[in-house]
Structure formats: structure tokens, C-alpha cells
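Peer 1: Pasting model.pdb here (PDB, C-alpha atoms and all ligand atoms):
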MODEL        1
ATOM      1  CA  MET A   1       7.672  20.779 -20.627  1.00  0.00           C
ATOM      2  CA  ALA A   2       7.335  16.995 -20.134  1.00  0.00           C
ATOM      3  CA  VAL A   3       6.628  16.386 -16.446  1.00  0.00           C
ATOM      4  CA  PRO A   4       7.546  12.910 -15.164  1.00  0.00           C
ATOM      5  CA  ALA A   5       4.574  11.050 -13.698  1.00  0.00           C
ATOM      6  CA  HIS A   6       6.782   9.233 -11.205  1.00  0.00           C
ATOM      7  CA  VAL A   7       9.894  10.647  -9.540  1.00  0.00           C
ATOM      8  CA  ALA A   8      12.005   8.508  -7.194  1.00  0.00           C
ATOM      9  CA  ILE A   9      14.685   9.958  -4.932  1.00  0.00           C
ATOM     10  CA  ILE A  10      17.764   8.443  -3.294  1.00  0.00           C
ATOM     11  CA  MET A  11      18.258  10.860  -0.407  1.00  0.00           C
ATOM     12  CA  ASP A  12      22.002  10.864   0.242  1.00  0.00           C
ATOM     13  CA  GLY A  13      24.431  13.068   2.134  1.00  0.00           C
ATOM     14  CA  ASN A  14      22.867  13.546   5.574  1.00  0.00           C
ATOM     15  CA  GLY A  15      26.023  12.374   7.348  1.00  0.00           C
ATOM     16  CA  ARG A  16      28.331  14.600   5.291  1.00  0.00           C
ATOM     17  CA  TRP A  17      26.019  17.578   5.826  1.00  0.00           C
ATOM     18  CA  ALA A  18      26.274  17.088   9.610  1.00  0.00           C
ATOM     19  CA  ALA A  19      30.028  16.415   9.570  1.00  0.00           C
ATOM     20  CA  SER A  20      30.713  19.594   7.597  1.00  0.00           C
ATOM     21  CA  ARG A  21      29.054  21.525  10.421  1.00  0.00           C
ATOM     22  CA  GLY A  22      30.690  19.600  13.245  1.00  0.00           C
ATOM     23  CA  LEU A  23      27.290  18.165  14.206  1.00  0.00           C
ATOM     24  CA  PRO A  24      26.305  14.571  15.068  1.00  0.00           C
ATOM     25  CA  ARG A  25      24.943  12.501  12.162  1.00  0.00           C
ATOM     26  CA  VAL A  26      21.451  12.562  13.663  1.00  0.00           C
ATOM     27  CA  ALA A  27      21.338  16.325  13.044  1.00  0.00           C
ATOM     28  CA  GLY A  28      21.749  15.583   9.324  1.00  0.00           C
ATOM     29  CA  HIS A  29      18.949  13.017   9.393  1.00  0.00           C
ATOM     30  CA  ARG A  30      16.684  15.450  11.260  1.00  0.00           C
ATOM     31  CA  GLU A  31      17.311  18.138   8.638  1.00  0.00           C
ATOM     32  CA  GLY A  32      16.854  15.419   6.002  1.00  0.00           C
ATOM     33  CA  ALA A  33      13.337  14.794   7.299  1.00  0.00           C
ATOM     34  CA  ARG A  34      12.596  18.514   6.744  1.00  0.00           C
ATOM     35  CA  ALA A  35      13.895  18.182   3.190  1.00  0.00           C
ATOM     36  CA  VAL A  36      11.400  15.323   2.671  1.00  0.00           C
ATOM     37  CA  ARG A  37       8.621  17.813   3.417  1.00  0.00           C
ATOM     38  CA  ARG A  38      10.038  20.234   0.815  1.00  0.00           C
ATOM     39  CA  ALA A  39      10.297  17.429  -1.768  1.00  0.00           C
ATOM     40  CA  VAL A  40       6.668  16.418  -1.206  1.00  0.00           C
ATOM     41  CA  GLU A  41       5.506  20.022  -1.601  1.00  0.00           C
ATOM     42  CA  ALA A  42       7.631  20.480  -4.736  1.00  0.00           C
ATOM     43  CA  ALA A  43       6.237  17.282  -6.259  1.00  0.00           C
ATOM     44  CA  ILE A  44       2.662  18.392  -5.630  1.00  0.00           C
ATOM     45  CA  ARG A  45       3.289  21.864  -7.063  1.00  0.00           C
ATOM     46  CA  SER A  46       4.991  20.436 -10.167  1.00  0.00           C
ATOM     47  CA  GLY A  47       2.122  18.092 -10.985  1.00  0.00           C
ATOM     48  CA  VAL A  48       4.074  14.899 -10.293  1.00  0.00           C
ATOM     49  CA  SER A  49       1.621  12.124  -9.351  1.00  0.00           C
ATOM     50  CA  TRP A  50       3.982   9.557  -7.838  1.00  0.00           C
ATOM     51  CA  LEU A  51       6.931  10.180  -5.535  1.00  0.00           C
ATOM     52  CA  THR A  52       9.027   7.369  -4.077  1.00  0.00           C
ATOM     53  CA  ILE A  53      11.759   8.066  -1.532  1.00  0.00           C
ATOM     54  CA  TYR A  54      14.487   5.775  -0.202  1.00  0.00           C
ATOM     55  CA  ALA A  55      14.471   6.421   3.544  1.00  0.00           C
ATOM     56  CA  PHE A  56      16.080   3.249   4.889  1.00  0.00           C
ATOM     57  CA  SER A  57      17.812   0.456   3.001  1.00  0.00           C
ATOM     58  CA  SER A  58      18.093  -3.191   4.069  1.00  0.00           C
ATOM     59  CA  GLU A  59      21.808  -2.470   4.520  1.00  0.00           C
ATOM     60  CA  ASN A  60      21.200   0.486   6.854  1.00  0.00           C
ATOM     61  CA  TRP A  61      20.510  -1.989   9.713  1.00  0.00           C
ATOM     62  CA  ARG A  62      24.279  -2.597   9.707  1.00  0.00           C
ATOM     63  CA  ARG A  63      25.004   0.971  10.858  1.00  0.00           C
ATOM     64  CA  PRO A  64      25.987   1.464  14.527  1.00  0.00           C
ATOM     65  CA  LEU A  65      23.042   0.782  16.850  1.00  0.00           C
ATOM     66  CA  GLY A  66      22.897   4.421  17.984  1.00  0.00           C
ATOM     67  CA  GLU A  67      22.352   5.636  14.414  1.00  0.00           C
ATOM     68  CA  VAL A  68      19.761   2.917  13.704  1.00  0.00           C
ATOM     69  CA  LEU A  69      17.863   4.029  16.812  1.00  0.00           C
ATOM     70  CA  ASP A  70      18.110   7.664  15.711  1.00  0.00           C
ATOM     71  CA  LEU A  71      16.712   6.771  12.277  1.00  0.00           C
ATOM     72  CA  THR A  72      13.864   4.625  13.606  1.00  0.00           C
ATOM     73  CA  GLY A  73      13.114   7.299  16.225  1.00  0.00           C
ATOM     74  CA  LEU A  74      12.894   9.919  13.480  1.00  0.00           C
ATOM     75  CA  LEU A  75      10.607   7.664  11.478  1.00  0.00           C
ATOM     76  CA  ARG A  76       8.356   7.164  14.507  1.00  0.00           C
ATOM     77  CA  ARG A  77       8.142  10.947  15.029  1.00  0.00           C
ATOM     78  CA  TYR A  78       7.606  11.603  11.310  1.00  0.00           C
ATOM     79  CA  LEU A  79       4.702   9.144  11.200  1.00  0.00           C
ATOM     80  CA  ARG A  80       3.055  10.711  14.249  1.00  0.00           C
ATOM     81  CA  THR A  81       3.523  14.359  13.310  1.00  0.00           C
ATOM     82  CA  GLU A  82       3.276  14.505   9.517  1.00  0.00           C
ATOM     83  CA  ILE A  83       0.295  12.297   8.770  1.00  0.00           C
ATOM     84  CA  ALA A  84      -2.330  14.940   9.468  1.00  0.00           C
ATOM     85  CA  GLU A  85      -0.663  17.374   7.095  1.00  0.00           C
ATOM     86  CA  LEU A  86      -0.066  14.769   4.392  1.00  0.00           C
ATOM     87  CA  LYS A  87      -3.707  13.795   4.685  1.00  0.00           C
ATOM     88  CA  ALA A  88      -4.830  17.405   4.387  1.00  0.00           C
ATOM     89  CA  ASN A  89      -2.616  17.804   1.301  1.00  0.00           C
ATOM     90  CA  GLY A  90      -4.254  14.853  -0.451  1.00  0.00           C
ATOM     91  CA  VAL A  91      -1.220  12.563  -0.160  1.00  0.00           C
ATOM     92  CA  ARG A  92      -1.686   8.793  -0.243  1.00  0.00           C
ATOM     93  CA  LEU A  93       1.054   6.967   1.637  1.00  0.00           C
ATOM     94  CA  ARG A  94       2.421   3.513   0.913  1.00  0.00           C
ATOM     95  CA  PHE A  95       5.444   1.720   2.297  1.00  0.00           C
ATOM     96  CA  ILE A  96       7.649  -0.853   0.586  1.00  0.00           C
ATOM     97  CA  GLY A  97      10.325  -2.977   2.238  1.00  0.00           C
ATOM     98  CA  ASP A  98      10.521  -5.462   5.078  1.00  0.00           C
ATOM     99  CA  ARG A  99       8.421  -3.769   7.740  1.00  0.00           C
ATOM    100  CA  THR A 100       8.577  -6.810  10.036  1.00  0.00           C
ATOM    101  CA  ARG A 101      12.047  -5.680  11.113  1.00  0.00           C
ATOM    102  CA  PHE A 102      10.646  -2.549  12.783  1.00  0.00           C
ATOM    103  CA  ASP A 103       9.210  -2.393  16.311  1.00  0.00           C
ATOM    104  CA  ARG A 104       5.546  -3.315  16.585  1.00  0.00           C
ATOM    105  CA  ASP A 105       4.396   0.227  17.345  1.00  0.00           C
ATOM    106  CA  ILE A 106       6.037   1.472  14.133  1.00  0.00           C
ATOM    107  CA  GLN A 107       4.453  -1.364  12.154  1.00  0.00           C
ATOM    108  CA  GLY A 108       1.089  -0.275  13.552  1.00  0.00           C
ATOM    109  CA  ASP A 109       1.732   3.349  12.592  1.00  0.00           C
ATOM    110  CA  LEU A 110       2.701   2.309   9.046  1.00  0.00           C
ATOM    111  CA  ALA A 111      -0.516   0.331   8.597  1.00  0.00           C
ATOM    112  CA  ALA A 112      -2.585   3.184  10.071  1.00  0.00           C
ATOM    113  CA  ALA A 113      -0.938   5.769   7.788  1.00  0.00           C
ATOM    114  CA  GLU A 114      -1.698   3.648   4.716  1.00  0.00           C
ATOM    115  CA  HIS A 115      -5.262   3.078   5.843  1.00  0.00           C
ATOM    116  CA  ASP A 116      -5.961   6.714   6.781  1.00  0.00           C
ATOM    117  CA  THR A 117      -4.696   8.113   3.470  1.00  0.00           C
ATOM    118  CA  GLN A 118      -6.020   5.459   1.103  1.00  0.00           C
ATOM    119  CA  ARG A 119      -8.644   7.716  -0.469  1.00  0.00           C
ATOM    120  CA  ASN A 120      -6.208  10.512  -1.337  1.00  0.00           C
ATOM    121  CA  ILE A 121      -5.338  11.047  -4.985  1.00  0.00           C
ATOM    122  CA  ARG A 122      -3.253  14.227  -5.277  1.00  0.00           C
ATOM    123  CA  LEU A 123       0.141  12.585  -4.727  1.00  0.00           C
ATOM    124  CA  ASN A 124       1.080   8.948  -4.223  1.00  0.00           C
ATOM    125  CA  LEU A 125       3.987   8.955  -1.798  1.00  0.00           C
ATOM    126  CA  THR A 126       5.835   5.665  -1.380  1.00  0.00           C
ATOM    127  CA  ILE A 127       8.463   5.458   1.342  1.00  0.00           C
ATOM    128  CA  ALA A 128      10.994   2.637   0.982  1.00  0.00           C
ATOM    129  CA  LEU A 129      11.905   1.345   4.455  1.00  0.00           C
ATOM    130  CA  SER A 130      14.194  -1.581   5.171  1.00  0.00           C
ATOM    131  CA  TYR A 131      14.034  -1.920   1.400  1.00  0.00           C
ATOM    132  CA  GLY A 132      16.365  -3.663  -1.016  1.00  0.00           C
ATOM    133  CA  GLY A 133      15.691  -4.211  -4.713  1.00  0.00           C
ATOM    134  CA  ARG A 134      17.189  -7.706  -4.816  1.00  0.00           C
ATOM    135  CA  ALA A 135      15.262  -8.758  -1.698  1.00  0.00           C
ATOM    136  CA  GLU A 136      12.067  -7.470  -3.330  1.00  0.00           C
ATOM    137  CA  ILE A 137      12.723  -9.491  -6.508  1.00  0.00           C
ATOM    138  CA  ALA A 138      13.607 -12.621  -4.479  1.00  0.00           C
ATOM    139  CA  ALA A 139      10.371 -12.254  -2.454  1.00  0.00           C
ATOM    140  CA  ALA A 140       8.390 -11.916  -5.686  1.00  0.00           C
ATOM    141  CA  ALA A 141      10.083 -15.063  -7.053  1.00  0.00           C
ATOM    142  CA  ARG A 142       9.137 -16.961  -3.879  1.00  0.00           C
ATOM    143  CA  ALA A 143       5.525 -15.822  -4.237  1.00  0.00           C
ATOM    144  CA  VAL A 144       5.483 -16.846  -7.908  1.00  0.00           C
ATOM    145  CA  VAL A 145       6.778 -20.338  -7.065  1.00  0.00           C
ATOM    146  CA  ALA A 146       4.209 -20.689  -4.264  1.00  0.00           C
ATOM    147  CA  ALA A 147       1.406 -19.660  -6.637  1.00  0.00           C
ATOM    148  CA  ALA A 148       2.636 -22.132  -9.262  1.00  0.00           C
ATOM    149  CA  LEU A 149       2.864 -24.981  -6.714  1.00  0.00           C
ATOM    150  CA  ALA A 150      -0.655 -24.154  -5.539  1.00  0.00           C
ATOM    151  CA  GLY A 151      -1.850 -24.479  -9.121  1.00  0.00           C
ATOM    152  CA  GLN A 152      -2.862 -20.809  -9.296  1.00  0.00           C
ATOM    153  CA  LEU A 153      -0.289 -19.822 -11.902  1.00  0.00           C
ATOM    154  CA  ASP A 154       0.801 -21.595 -15.076  1.00  0.00           C
ATOM    155  CA  PRO A 155       4.628 -21.181 -15.240  1.00  0.00           C
ATOM    156  CA  ALA A 156       4.392 -20.969 -19.039  1.00  0.00           C
ATOM    157  CA  LYS A 157       2.298 -17.811 -18.649  1.00  0.00           C
ATOM    158  CA  LEU A 158       4.782 -16.011 -16.411  1.00  0.00           C
ATOM    159  CA  CYS A 159       5.730 -12.874 -18.339  1.00  0.00           C
ATOM    160  CA  GLU A 160       7.088  -9.479 -17.215  1.00  0.00           C
ATOM    161  CA  GLU A 161       3.620  -8.037 -16.625  1.00  0.00           C
ATOM    162  CA  VAL A 162       2.552 -10.988 -14.463  1.00  0.00           C
ATOM    163  CA  PHE A 163       5.839 -10.924 -12.502  1.00  0.00           C
ATOM    164  CA  GLU A 164       5.412  -7.204 -11.784  1.00  0.00           C
ATOM    165  CA  GLY A 165       2.162  -8.014 -10.031  1.00  0.00           C
ATOM    166  CA  PHE A 166       4.173  -9.889  -7.386  1.00  0.00           C
ATOM    167  CA  LEU A 167       6.519  -6.978  -6.623  1.00  0.00           C
ATOM    168  CA  ALA A 168       5.959  -4.644  -3.663  1.00  0.00           C
ATOM    169  CA  THR A 169       5.280  -1.881  -6.181  1.00  0.00           C
ATOM    170  CA  ALA A 170       2.451  -3.736  -7.975  1.00  0.00           C
ATOM    171  CA  GLY A 171       0.025  -1.189  -9.407  1.00  0.00           C
ATOM    172  CA  THR A 172       2.609   1.620  -9.373  1.00  0.00           C
ATOM    173  CA  PRO A 173       4.004   2.931 -12.663  1.00  0.00           C
ATOM    174  CA  ASP A 174       7.774   2.603 -13.132  1.00  0.00           C
ATOM    175  CA  PRO A 175       9.761   5.698 -12.148  1.00  0.00           C
ATOM    176  CA  ASP A 176      10.414   8.032 -15.077  1.00  0.00           C
ATOM    177  CA  LEU A 177      13.109   9.930 -13.223  1.00  0.00           C
ATOM    178  CA  ILE A 178      15.430   8.859 -10.401  1.00  0.00           C
ATOM    179  CA  ILE A 179      17.269  11.619  -8.564  1.00  0.00           C
ATOM    180  CA  ARG A 180      20.254  10.941  -6.301  1.00  0.00           C
ATOM    181  CA  THR A 181      21.728  13.707  -4.203  1.00  0.00           C
ATOM    182  CA  SER A 182      25.246  14.182  -2.784  1.00  0.00           C
ATOM    183  CA  GLY A 183      27.132  13.535  -6.029  1.00  0.00           C
ATOM    184  CA  GLU A 184      27.272   9.719  -5.707  1.00  0.00           C
ATOM    185  CA  GLN A 185      26.348   7.995  -8.962  1.00  0.00           C
ATOM    186  CA  ARG A 186      24.835   4.583  -8.227  1.00  0.00           C
ATOM    187  CA  LEU A 187      21.464   2.951  -7.564  1.00  0.00           C
ATOM    188  CA  SER A 188      22.451   1.213  -4.308  1.00  0.00           C
ATOM    189  CA  ASN A 189      19.863  -1.580  -4.657  1.00  0.00           C
ATOM    190  CA  PHE A 190      16.956   0.839  -5.181  1.00  0.00           C
ATOM    191  CA  LEU A 191      14.039  -0.149  -7.474  1.00  0.00           C
ATOM    192  CA  LEU A 192      16.254  -2.458  -9.549  1.00  0.00           C
ATOM    193  CA  TRP A 193      13.442  -3.966 -11.625  1.00  0.00           C
ATOM    194  CA  GLN A 194      11.445  -0.754 -11.922  1.00  0.00           C
ATOM    195  CA  SER A 195      14.368   1.478 -12.981  1.00  0.00           C
ATOM    196  CA  ALA A 196      14.911  -0.301 -16.328  1.00  0.00           C
ATOM    197  CA  TYR A 197      14.134   2.807 -18.403  1.00  0.00           C
ATOM    198  CA  ALA A 198      14.340   5.553 -15.790  1.00  0.00           C
ATOM    199  CA  GLU A 199      16.309   8.707 -16.513  1.00  0.00           C
ATOM    200  CA  LEU A 200      18.979   9.175 -13.838  1.00  0.00           C
ATOM    201  CA  VAL A 201      19.857  12.636 -12.546  1.00  0.00           C
ATOM    202  CA  PHE A 202      22.670  13.116 -10.031  1.00  0.00           C
ATOM    203  CA  LEU A 203      22.680  16.361  -8.087  1.00  0.00           C
ATOM    204  CA  ASP A 204      25.633  17.872  -6.277  1.00  0.00           C
ATOM    205  CA  VAL A 205      23.562  18.905  -3.270  1.00  0.00           C
ATOM    206  CA  LEU A 206      23.551  17.156   0.112  1.00  0.00           C
ATOM    207  CA  TRP A 207      20.059  15.910   0.928  1.00  0.00           C
ATOM    208  CA  PRO A 208      19.412  18.215   3.945  1.00  0.00           C
ATOM    209  CA  ASP A 209      19.935  21.217   1.617  1.00  0.00           C
ATOM    210  CA  PHE A 210      17.538  19.898  -1.047  1.00  0.00           C
ATOM    211  CA  ASN A 211      14.776  22.335  -1.972  1.00  0.00           C
ATOM    212  CA  GLU A 212      12.239  23.179  -4.651  1.00  0.00           C
ATOM    213  CA  THR A 213      14.895  24.759  -6.917  1.00  0.00           C
ATOM    214  CA  HIS A 214      16.841  21.477  -7.022  1.00  0.00           C
ATOM    215  CA  PHE A 215      13.636  19.581  -7.756  1.00  0.00           C
ATOM    216  CA  ALA A 216      12.819  21.974 -10.601  1.00  0.00           C
ATOM    217  CA  ALA A 217      16.375  21.652 -11.991  1.00  0.00           C
ATOM    218  CA  ALA A 218      16.077  17.846 -12.051  1.00  0.00           C
ATOM    219  CA  LEU A 219      12.723  18.135 -13.819  1.00  0.00           C
ATOM    220  CA  SER A 220      14.182  20.413 -16.514  1.00  0.00           C
ATOM    221  CA  THR A 221      17.119  18.028 -17.058  1.00  0.00           C
ATOM    222  CA  TYR A 222      14.560  15.246 -17.455  1.00  0.00           C
ATOM    223  CA  ALA A 223      12.491  17.282 -19.913  1.00  0.00           C
ATOM    224  CA  ALA A 224      15.566  17.900 -22.081  1.00  0.00           C
ATOM    225  CA  ARG A 225      16.329  14.170 -22.402  1.00  0.00           C
ATOM    226  CA  GLU A 226      15.064  12.136 -25.303  1.00  0.00           C
ATOM    227  CA  ARG A 227      13.459   8.925 -24.093  1.00  0.00           C
ATOM    228  CA  ARG A 228      13.391   6.073 -26.600  1.00  0.00           C
ATOM    229  CA  PHE A 229      12.730   2.990 -24.415  1.00  0.00           C
ATOM    230  CA  GLY A 230      15.169   1.018 -26.563  1.00  0.00           C
ATOM    231  CA  ALA A 231      13.422   1.937 -29.819  1.00  0.00           C
ATOM    232  CA  ARG A 232      15.013   3.996 -32.583  1.00  0.00           C
ATOM    233  CA  THR A 233      13.224   7.047 -33.908  1.00  0.00           C
ATOM    234  CA  GLY A 234      13.840   8.501 -37.370  1.00  0.00           C
TER     235      GLY A 234
HETATM  236  C1  LIG B   1      21.592   8.963   3.530  1.00  0.00           C
HETATM  237  O1  LIG B   1      22.528   9.794   4.134  1.00  0.00           O
HETATM  238  C2  LIG B   1      20.322   9.014   4.227  1.00  0.00           C
HETATM  239  C3  LIG B   1      19.806   8.005   4.993  1.00  0.00           C
HETATM  240  C4  LIG B   1      20.491   6.717   5.223  1.00  0.00           C
HETATM  241  C5  LIG B   1      18.539   8.147   5.691  1.00  0.00           C
HETATM  242  C6  LIG B   1      17.482   8.959   5.011  1.00  0.00           C
HETATM  243  C7  LIG B   1      16.597   9.475   6.061  1.00  0.00           C
HETATM  244  C8  LIG B   1      16.036  10.697   6.073  1.00  0.00           C
HETATM  245  C9  LIG B   1      16.112  11.645   4.963  1.00  0.00           C
HETATM  246  C10 LIG B   1      15.291  11.180   7.267  1.00  0.00           C
HETATM  247  C11 LIG B   1      14.172  10.360   7.685  1.00  0.00           C
HETATM  248  C12 LIG B   1      13.117  10.239   6.644  1.00  0.00           C
HETATM  249  C13 LIG B   1      11.847  10.041   6.957  1.00  0.00           C
HETATM  250  C14 LIG B   1      10.847   9.787   5.894  1.00  0.00           C
HETATM  251  C15 LIG B   1      11.404  10.094   8.354  1.00  0.00           C
HETATM  252  P1  LIG B   1      23.832   9.162   4.750  1.00  0.00           P
HETATM  253  O2  LIG B   1      23.640   9.020   6.221  1.00  0.00           O
HETATM  254  O3  LIG B   1      24.184   7.908   4.036  1.00  0.00           O
HETATM  255  O4  LIG B   1      24.843  10.320   4.433  1.00  0.00           O
HETATM  256  P2  LIG B   1      26.404  10.206   4.117  1.00  0.00           P
HETATM  257  O5  LIG B   1      26.535   9.369   2.872  1.00  0.00           O
HETATM  258  O6  LIG B   1      26.800  11.629   3.901  1.00  0.00           O
HETATM  259  O7  LIG B   1      27.033   9.591   5.328  1.00  0.00           O
ENDMDL
END
Show me this structure written as C-alpha cells.
Ligand code: FPP

Peer 2:
Amino acid sequence: MAVPAHVAIIMDGNGRWAASRGLPRVAGHREGARAVRRAVEAAIRSGVSWLTIYAFSSENWRRPLGEVLDLTGLLRRYLRTEIAELKANGVRLRFIGDRTRFDRDIQGDLAAAEHDTQRNIRLNLTIALSYGGRAEIAAAARAVVAAALAGQLDPAKLCEEVFEGFLATAGTPDPDLIIRTSGEQRLSNFLLWQSAYAELVFLDVLWPDFNETHFAAALSTYAARERRFGARTG
């Protein structure tokens, strides 16, 4: 079976999971953080080398302050409690997105987590935080213009490969498979450049219920697809 090298996940449905149980939304996010652990374990066991998860979008800052504080609080706790285990499991952590919008202590924890896991090679886990695909592309464009104005880049030589080097995901292979949970079928500003040829799989499970069986089902759907990258075969 063809195993995707890079799986990206849009974790959706925490709020609906909580509402269906008469619980506050934060209960769904808390259970969602447990599902992240299951996804990481499933990725490692399946031989996936890269896992990228969408934990917080640029637009999520517009949620009510209480929910934003719940989400950043969960992130703070996750960073302080999970790092040791991720490290022991050979996971290398990276973060993409505008980290300057988080409190200083969180920014410090993000940098420390990246530093402390930089030698790990079993799974590359990228967590998208305060991330938006268009913002990432606009930031890359700004960096390209700055490099050109500084005489470090010849505009005539700007091709796709060079541009990719300016994205937050530079050095990361494009996702082969993007999974979205909760039945919604859209990308919501996630990895817009990188998803050009990704296979999309939409699962009817709410993120807090996500487990290894769902991960395996998405991988088999992926394996059954014929990927042509725009070329025609036969
Ligand atoms: C989408 O559900 C989920 C989020 C906006 C947050 C994702 C966060 C987690 C899974 C937990 C924290 C993760 C880490 C890495 C600490 P929603 O709230 O949009 O659900 P709804 O569409 O049902 O309302």
C-alpha cells in the first residue's frame, strides 16, 4: 500500500462535539488535544514521516475572548506537558504561522520545543498556529521583494522552487494527503500553495473522536487514488 510521506490535518468539529454533549466548547478543545496525541501515534505507527496539523488559524483570533484564552491556555499546557513524550518518541516539532501574536511565554516555549527536538528524525510534526495560507504567501512575497531590492535575488530567476524557499514550510515536502474531519469540505486557508496536488479526504468524524482507525481509513482511501500530478498515463 502506498503510504503518504506527508499527511496534513484540518482538525474540525471540537465545538459540535462539545455541544452535542451539553458541554462548554473548551471541553471539545481539551478532548481535541487528546486526539492530537492519537494522530501523532498513528502517524508514527503507519510510517508517515511528516504530519502537519492546523491548530489555530489567523481567523481564530476573532472568536470570543474567552474561547481564545481557552485555546491559548491549552496550547501553553500542551507545550509544557507533551514535549518530553514527543522528544522520547523521536518527534521533531516545528511551528508555522504568526507566533508574534502569542504571549511572550508561549513564544519562548515554541522556540524551546523546536530547539529541544531538532535532532529527532522519526516524525516531523508541524503545528500551524495563528496560520493563514494567504498571509504566508504574502509574507513570502514581501521577503522576495526585499531580497531583490537588496540585490540578493535576480527577479528573472524567481521560479516556483525559489519562491518555495521563502515560505514558512521551506524544506518540507508538499502534503500528499490532507484530511479534514467533521464533514466540512473546504481548505479554510490551510497550506494553499503546498496543497496544489494533495489528495483531499473528508471524514465524517468530529475531531475529538478521531482515532487510529480513522487515520488508517484515510490512508487506505489515499492508497486507492491514482495520482497523476496533471500528467496523463497510458
Ligand atoms: C476546530 O473546531 C478546532 C479548532 C479551532 C482548534 C483546534 C485545537 C485543538 C485540536 C486543541 C489544541 C491543539 C493543540 C496542538 C494544543 P471548532 O471549534 O471550529 O469546531 P466547530 O466547527 O464544531 O465549532

Peer 1: Report as a PyMOL selection string which protein, DNA and RNA residues come within 8 Å of ligand LIG 1 (chain B), using all atoms listed in the file.

Peer 2: chain A and resi 10-18+25+28-36+53-57+60+71-72+74-79+127+182+206-208

Peer 1: What's the 12 Å shell around Ala216 (chain A), counting only C-alpha atoms, without same-chain residues fewer than 3 positions away, as a VMD selection string?

Peer 2: chain A and resid 1 3 to 4 7 38 to 39 41 to 48 179 201 203 210 to 213 219 to 223

Peer 1: Residues as selected, C-alpha atoms, written as an mmCIF file, in the coordinates of the input, can you do that?

Peer 2:
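Writing done, so here's again01.cif:
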data_model
loop_
_atom_site.group_PDB
_atom_site.id
_atom_site.type_symbol
_atom_site.label_atom_id
_atom_site.label_comp_id
_atom_site.auth_asym_id
_atom_site.auth_seq_id
_atom_site.Cartn_x
_atom_site.Cartn_y
_atom_site.Cartn_z
ATOM 1 C CA MET A 1 7.672 20.779 -20.627
ATOM 2 C CA VAL A 3 6.628 16.386 -16.446
ATOM 3 C CA PRO A 4 7.546 12.910 -15.164
ATOM 4 C CA VAL A 7 9.894 10.647 -9.540
ATOM 5 C CA ARG A 38 10.038 20.234 0.815
ATOM 6 C CA ALA A 39 10.297 17.429 -1.768
ATOM 7 C CA GLU A 41 5.506 20.022 -1.601
ATOM 8 C CA ALA A 42 7.631 20.480 -4.736
ATOM 9 C CA ALA A 43 6.237 17.282 -6.259
ATOM 10 C CA ILE A 44 2.662 18.392 -5.630
ATOM 11 C CA ARG A 45 3.289 21.864 -7.063
ATOM 12 C CA SER A 46 4.991 20.436 -10.167
ATOM 13 C CA GLY A 47 2.122 18.092 -10.985
ATOM 14 C CA VAL A 48 4.074 14.899 -10.293
ATOM 15 C CA ILE A 179 17.269 11.619 -8.564
ATOM 16 C CA VAL A 201 19.857 12.636 -12.546
ATOM 17 C CA LEU A 203 22.680 16.361 -8.087
ATOM 18 C CA PHE A 210 17.538 19.898 -1.047
ATOM 19 C CA ASN A 211 14.776 22.335 -1.972
ATOM 20 C CA GLU A 212 12.239 23.179 -4.651
ATOM 21 C CA THR A 213 14.895 24.759 -6.917
ATOM 22 C CA LEU A 219 12.723 18.135 -13.819
ATOM 23 C CA SER A 220 14.182 20.413 -16.514
ATOM 24 C CA THR A 221 17.119 18.028 -17.058
ATOM 25 C CA TYR A 222 14.560 15.246 -17.455
ATOM 26 C CA ALA A 223 12.491 17.282 -19.913
#

Peer 1: Considering only C-alpha atoms, can you say which of A:Ser130, A:Asp154, A:Ile137, A:Thr172 comes closest to Phe102 (chain A)?

Peer 2: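 The answer is A:Ser130, which sits nearest to Phe102 (chain A).
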
Peer 1: Closest to Ala111 (chain A) among A:Arg186, A:Arg225, A:Arg99, A:Arg134, using all atoms listed in the file?

Peer 2: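 Ranked by minimum distance to Ala111 (chain A), first place goes to A:Arg99.
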
Peer 1: Check which residues satisfy the PyMOL selection byres (((chain A and resi 194) around 10) and not hetatm) in the file shown, then give them as a PDB file with C-alpha atoms, keeping the file's coordinate frame.

Peer 2:
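Result file follows (out_15.pdb):
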ATOM      1  CA  GLY A 133      15.691  -4.211  -4.713  1.00  0.00           C
ATOM      2  CA  GLU A 164       5.412  -7.204 -11.784  1.00  0.00           C
ATOM      3  CA  LEU A 167       6.519  -6.978  -6.623  1.00  0.00           C
ATOM      4  CA  THR A 169       5.280  -1.881  -6.181  1.00  0.00           C
ATOM      5  CA  THR A 172       2.609   1.620  -9.373  1.00  0.00           C
ATOM      6  CA  PRO A 173       4.004   2.931 -12.663  1.00  0.00           C
ATOM      7  CA  ASP A 174       7.774   2.603 -13.132  1.00  0.00           C
ATOM      8  CA  PRO A 175       9.761   5.698 -12.148  1.00  0.00           C
ATOM      9  CA  ASP A 176      10.414   8.032 -15.077  1.00  0.00           C
ATOM     10  CA  PHE A 190      16.956   0.839  -5.181  1.00  0.00           C
ATOM     11  CA  LEU A 191      14.039  -0.149  -7.474  1.00  0.00           C
ATOM     12  CA  LEU A 192      16.254  -2.458  -9.549  1.00  0.00           C
ATOM     13  CA  TRP A 193      13.442  -3.966 -11.625  1.00  0.00           C
ATOM     14  CA  SER A 195      14.368   1.478 -12.981  1.00  0.00           C
ATOM     15  CA  ALA A 196      14.911  -0.301 -16.328  1.00  0.00           C
ATOM     16  CA  TYR A 197      14.134   2.807 -18.403  1.00  0.00           C
ATOM     17  CA  ALA A 198      14.340   5.553 -15.790  1.00  0.00           C
TER      18      ALA A 198
END

Peer 1: Counting only C-alpha atoms, which of A:Glu184, A:Glu199, A:Glu114, A:Asp103 gets nearest to Phe229 (chain A)?

Peer 2: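 Among the listed residues, A:Glu199 lies closest to Phe229 (chain A).
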
Peer 1: Work out how far apart CA of Arg227 (chain A) and CA of Ala2 (chain A) are and give it in Å to one decimal.

Peer 2: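 CA of Ala2 (chain A) lies 10.9 Å from CA of Arg227 (chain A).
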
Peer 1: If the PyMOL selection byres (((chain A and resi 122) around 8) and not hetatm) were run on this exact file, what residues would it hold? Put them as a ChimeraX atom specification.

Peer 2: /A:44,49,89-92,120-121,123-124

Peer 1: Selection from above, C-alpha atoms, as a PDB file, in the frame of the given file, can you write it?

Peer 2:
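Below is the file that was written, out-v4.pdb:
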ATOM      1  CA  ILE A  44       2.662  18.392  -5.630  1.00  0.00           C
ATOM      2  CA  SER A  49       1.621  12.124  -9.351  1.00  0.00           C
ATOM      3  CA  ASN A  89      -2.616  17.804   1.301  1.00  0.00           C
ATOM      4  CA  GLY A  90      -4.254  14.853  -0.451  1.00  0.00           C
ATOM      5  CA  VAL A  91      -1.220  12.563  -0.160  1.00  0.00           C
ATOM      6  CA  ARG A  92      -1.686   8.793  -0.243  1.00  0.00           C
ATOM      7  CA  ASN A 120      -6.208  10.512  -1.337  1.00  0.00           C
ATOM      8  CA  ILE A 121      -5.338  11.047  -4.985  1.00  0.00           C
ATOM      9  CA  LEU A 123       0.141  12.585  -4.727  1.00  0.00           C
ATOM     10  CA  ASN A 124       1.080   8.948  -4.223  1.00  0.00           C
TER      11      ASN A 124
END

Peer 1: Just the number, please: distance in Å from CA of Ala135 (chain A) to CA of Gln107 (chain A), one decimal.

Peer 2: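 CA of Ala135 (chain A) sits 19.1 Å away from CA of Gln107 (chain A).
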